[in-house]
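Undergrad: There's a structure below that I have some questions on.
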Amino acid sequence: MASQTRSILSLLTIPLLLSLLAASAQAGSIAVYWGQNGNEGTLADTCATGNYKYVMLAFLTTFGNGQTPVLNLAGHCDPSSGTCTGLTSDIQSCQSKGIKVILSLGGASGSYQLTSTSDAQSVADYLWNNYLGGSSSSRPLGSAVLDGIDFDIESGSSNYYGDLAKSLKQYSSQVYLTAAPQCPYPDSYLGPALQTGLFDYVWVQFYNNAPCQYSSGDITNLVNSWNTWTSSFQVTNIFLGIPASTDAAGSGYIPPNDLTSKVLPAIQGSSKYGGIMLWNRYYDLENNYSAQVKGSV
Ligand SMILES: *[C@@H]1O[C@H](CO)[C@@H](O)[C@H](O)[C@H]1NC(C)=O
């Protein structure tokens with residue numbers, strides 16, 4: 001009887017141990033931007049790779065200051081003629097795999113700015129009704145309910161993005177808020193918003209900025225900057241944002257071998273390490289980057 005109990009216990013324990021081991025070996029995840037190149041494959045195909053946990057739809061390029069918001073998904077679809085509603089089933093297919101699909105605001109070029117607290121509130125209302133849990137007769141992506149909003153603010157002023165974050169979280173604490181600041185700390189555009197402590201995931205862009213990026217095998221600047229980010233402000237999960245190929249950014253590309261043998265071991269000890277962010281799906285497809293590194297992330 002005793003030995004029978006023991007063997008039943010061990011039958012139950014082995015799968016549990018294996019799943020715990022698998023979870024600890026896969027401590028981080030990969031986030032990727034999709035939407036700025038028509039030749040990067042569909043959103044559903046992107047999610048079907050199994051390489052990503054977060055996919056940011058890039059970008060809502062126009063918003064704020066009373067402007068009618070504009071979604072730009074390059075060659076994938078045309079929001080003005082309503083063809084992006086075809087993405088609803090792709091978004092749902094991603095979500096059924098446990099992947100979070102997030103709308104990214106801003107980008108390196110675009111026409112966006114927030115001019116007051118009430119302007120921030122009206123952008124939040126628009127986002128809630130058109131992309132999140134609210135309702136509107138003209139949802140650009142159809143009935144799919146996105147998981148959150150990403151702030152990739154790279155121009156204009158830093159004012160009122162904290163108000164936008166607060167208004168979005170007031171609609172629902174379930175809305176994920178993420179941000180993509182550049183690595184010089186604090187970020188010129190997102191610094192004040194990040195101080196709200198409302199952001200769930202922050203993917204810092206460790207590229208196009210020599211003082212805080214990897215350079216020809218030297219990880220010093222990157223690791224110093226990583227340590228500043230992880231020690232300086234309140235956010236649970238910080239991701240290492242990097243270009244997915246040499247073409248993806250002006251500088252800061254890390255060859256896969258250097259990422260896995262030098263960079264990741266130097267940053268994964270941080271309790272705030274969440275994984276890596278790749279700019280972007282097109283370059284990742286071209287360079288097969290995520291497939292090569294995901295076992296180490
Ligand atoms: C991408 O990398 C993975 C992992 O190293 C490899 O198995 C696969 O064959 C590569 N794919 C291509 C198209 O090179």
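Going through the structure tokens in order, the chains are called A, B, and so on, while each chain numbers its residues from 1 and the ligands are numbered from 1 in the order shown.
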Pick out the residues no farther than 10 Å from ligand 1, counting only C-alpha atoms and all ligand atoms, and list them as a list in words.

TA: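 Residues satisfying the distance criterion: Pro256, Leu285, Glu286, Asn287, Asn288, Tyr289, Ser290, Ala291, Gln292, Val293, Lys294 and Gly295 of chain A.
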
Undergrad: Please produce an output containing N, CA, C and O atoms for each residue in the selection, written as a PDB file, in the first residue's frame.

TA:
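Generated output (result-v6.pdb):
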ATOM      1  N   PRO A 256      23.449  37.059 -33.188  1.00  0.00           N
ATOM      2  CA  PRO A 256      22.809  36.088 -32.294  1.00  0.00           C
ATOM      3  C   PRO A 256      23.762  35.434 -31.294  1.00  0.00           C
ATOM      4  O   PRO A 256      23.428  35.290 -30.114  1.00  0.00           O
ATOM      5  N   LEU A 285      12.140  37.949 -39.950  1.00  0.00           N
ATOM      6  CA  LEU A 285      11.885  36.938 -40.980  1.00  0.00           C
ATOM      7  C   LEU A 285      13.096  36.825 -41.906  1.00  0.00           C
ATOM      8  O   LEU A 285      13.568  35.732 -42.229  1.00  0.00           O
ATOM      9  N   GLU A 286      13.621  37.985 -42.297  1.00  0.00           N
ATOM     10  CA  GLU A 286      14.762  38.037 -43.211  1.00  0.00           C
ATOM     11  C   GLU A 286      16.002  37.393 -42.589  1.00  0.00           C
ATOM     12  O   GLU A 286      16.767  36.699 -43.246  1.00  0.00           O
ATOM     13  N   ASN A 287      16.209  37.596 -41.295  1.00  0.00           N
ATOM     14  CA  ASN A 287      17.461  37.217 -40.629  1.00  0.00           C
ATOM     15  C   ASN A 287      17.309  35.986 -39.733  1.00  0.00           C
ATOM     16  O   ASN A 287      18.285  35.532 -39.143  1.00  0.00           O
ATOM     17  N   ASN A 288      16.098  35.461 -39.608  1.00  0.00           N
ATOM     18  CA  ASN A 288      15.848  34.268 -38.777  1.00  0.00           C
ATOM     19  C   ASN A 288      16.376  34.449 -37.357  1.00  0.00           C
ATOM     20  O   ASN A 288      16.933  33.533 -36.767  1.00  0.00           O
ATOM     21  N   TYR A 289      16.230  35.663 -36.825  1.00  0.00           N
ATOM     22  CA  TYR A 289      16.861  35.998 -35.544  1.00  0.00           C
ATOM     23  C   TYR A 289      16.186  35.313 -34.361  1.00  0.00           C
ATOM     24  O   TYR A 289      16.842  34.628 -33.569  1.00  0.00           O
ATOM     25  N   SER A 290      14.860  35.481 -34.258  1.00  0.00           N
ATOM     26  CA  SER A 290      14.178  34.946 -33.058  1.00  0.00           C
ATOM     27  C   SER A 290      14.319  33.428 -32.973  1.00  0.00           C
ATOM     28  O   SER A 290      14.480  32.880 -31.877  1.00  0.00           O
ATOM     29  N   ALA A 291      14.285  32.763 -34.131  1.00  0.00           N
ATOM     30  CA  ALA A 291      14.407  31.301 -34.103  1.00  0.00           C
ATOM     31  C   ALA A 291      15.758  30.876 -33.540  1.00  0.00           C
ATOM     32  O   ALA A 291      15.873  29.872 -32.842  1.00  0.00           O
ATOM     33  N   GLN A 292      16.782  31.686 -33.830  1.00  0.00           N
ATOM     34  CA  GLN A 292      18.133  31.319 -33.375  1.00  0.00           C
ATOM     35  C   GLN A 292      18.369  31.601 -31.889  1.00  0.00           C
ATOM     36  O   GLN A 292      19.215  30.971 -31.279  1.00  0.00           O
ATOM     37  N   VAL A 293      17.650  32.580 -31.346  1.00  0.00           N
ATOM     38  CA  VAL A 293      17.958  32.972 -29.965  1.00  0.00           C
ATOM     39  C   VAL A 293      16.900  32.548 -28.942  1.00  0.00           C
ATOM     40  O   VAL A 293      17.145  32.602 -27.728  1.00  0.00           O
ATOM     41  N   LYS A 294      15.741  32.108 -29.406  1.00  0.00           N
ATOM     42  CA  LYS A 294      14.630  31.965 -28.444  1.00  0.00           C
ATOM     43  C   LYS A 294      14.917  30.947 -27.340  1.00  0.00           C
ATOM     44  O   LYS A 294      14.423  31.113 -26.222  1.00  0.00           O
ATOM     45  N   GLY A 295      15.738  29.947 -27.625  1.00  0.00           N
ATOM     46  CA  GLY A 295      16.067  28.966 -26.596  1.00  0.00           C
ATOM     47  C   GLY A 295      16.852  29.563 -25.441  1.00  0.00           C
ATOM     48  O   GLY A 295      16.925  28.984 -24.364  1.00  0.00           O
TER      49      GLY A 295
END

Undergrad: Residues at most 10 Å from region 176-188 of chain A, counting only C-alpha atoms, excluding those fewer than 4 positions away in the same chain, as a VMD selection string?

TA: chain A and resid 56 100 to 105 107 146 to 158 165 to 166 168 to 169 172 192 to 195 198 to 213 222 225 to 226 228 to 229 232 to 233 237 to 241 277

Undergrad: Please identify all polymer residues within 6 Å of region 26-37 of chain A, counting only C-alpha atoms, omitting same-chain residues fewer than 2 positions from it, and present them as a tab-separated table (two decimals) with C-alpha atoms, in the first residue's frame.

TA:
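Contents of result_0.tsv, as written:
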chain	number	residue	atom	x	y	z
A	23	ALA	CA	9.12	27.22	-17.01
A	24	SER	CA	12.42	28.18	-15.43
A	39	ASN	CA	6.28	41.60	-47.05
A	40	GLU	CA	6.63	40.36	-43.48
A	52	TYR	CA	6.52	35.56	-29.85
A	53	LYS	CA	4.49	36.29	-26.74
A	54	TYR	CA	3.65	39.95	-27.54
A	55	VAL	CA	2.91	41.42	-30.95
A	56	MET	CA	2.60	45.18	-31.33
A	57	LEU	CA	0.60	46.47	-34.30
A	58	ALA	CA	2.59	49.40	-35.69
A	73	LEU	CA	-0.21	49.17	-41.45
A	74	ALA	CA	1.81	49.77	-44.63
A	274	GLY	CA	11.30	40.13	-19.08
A	275	GLY	CA	12.91	39.06	-22.36
A	276	ILE	CA	13.75	40.78	-25.64
A	277	MET	CA	11.86	43.00	-28.07
A	278	LEU	CA	12.64	42.85	-31.77
A	279	TRP	CA	12.27	45.64	-34.30
A	280	ASN	CA	10.67	44.20	-36.37
A	281	ARG	CA	8.92	41.14	-37.81
A	297	VAL	CA	15.87	34.24	-24.02

Undergrad: Rank nothing, just name the residue among A:Ser216, A:Thr61, A:Ser138, A:Asn221 nearest to Thr83 (chain A), using only C-alpha atoms.

TA: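 Once distances to Thr83 (chain A) are computed over only C-alpha atoms, the minimum belongs to A:Ser138.
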
Undergrad: Tell me which of A:Val175, A:Ala108, A:Ala266, A:Ile254 sits closest to Gly217 (chain A), counting only C-alpha atoms.

TA: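 Closest to Gly217 (chain A), using only C-alpha atoms: A:Ile254.
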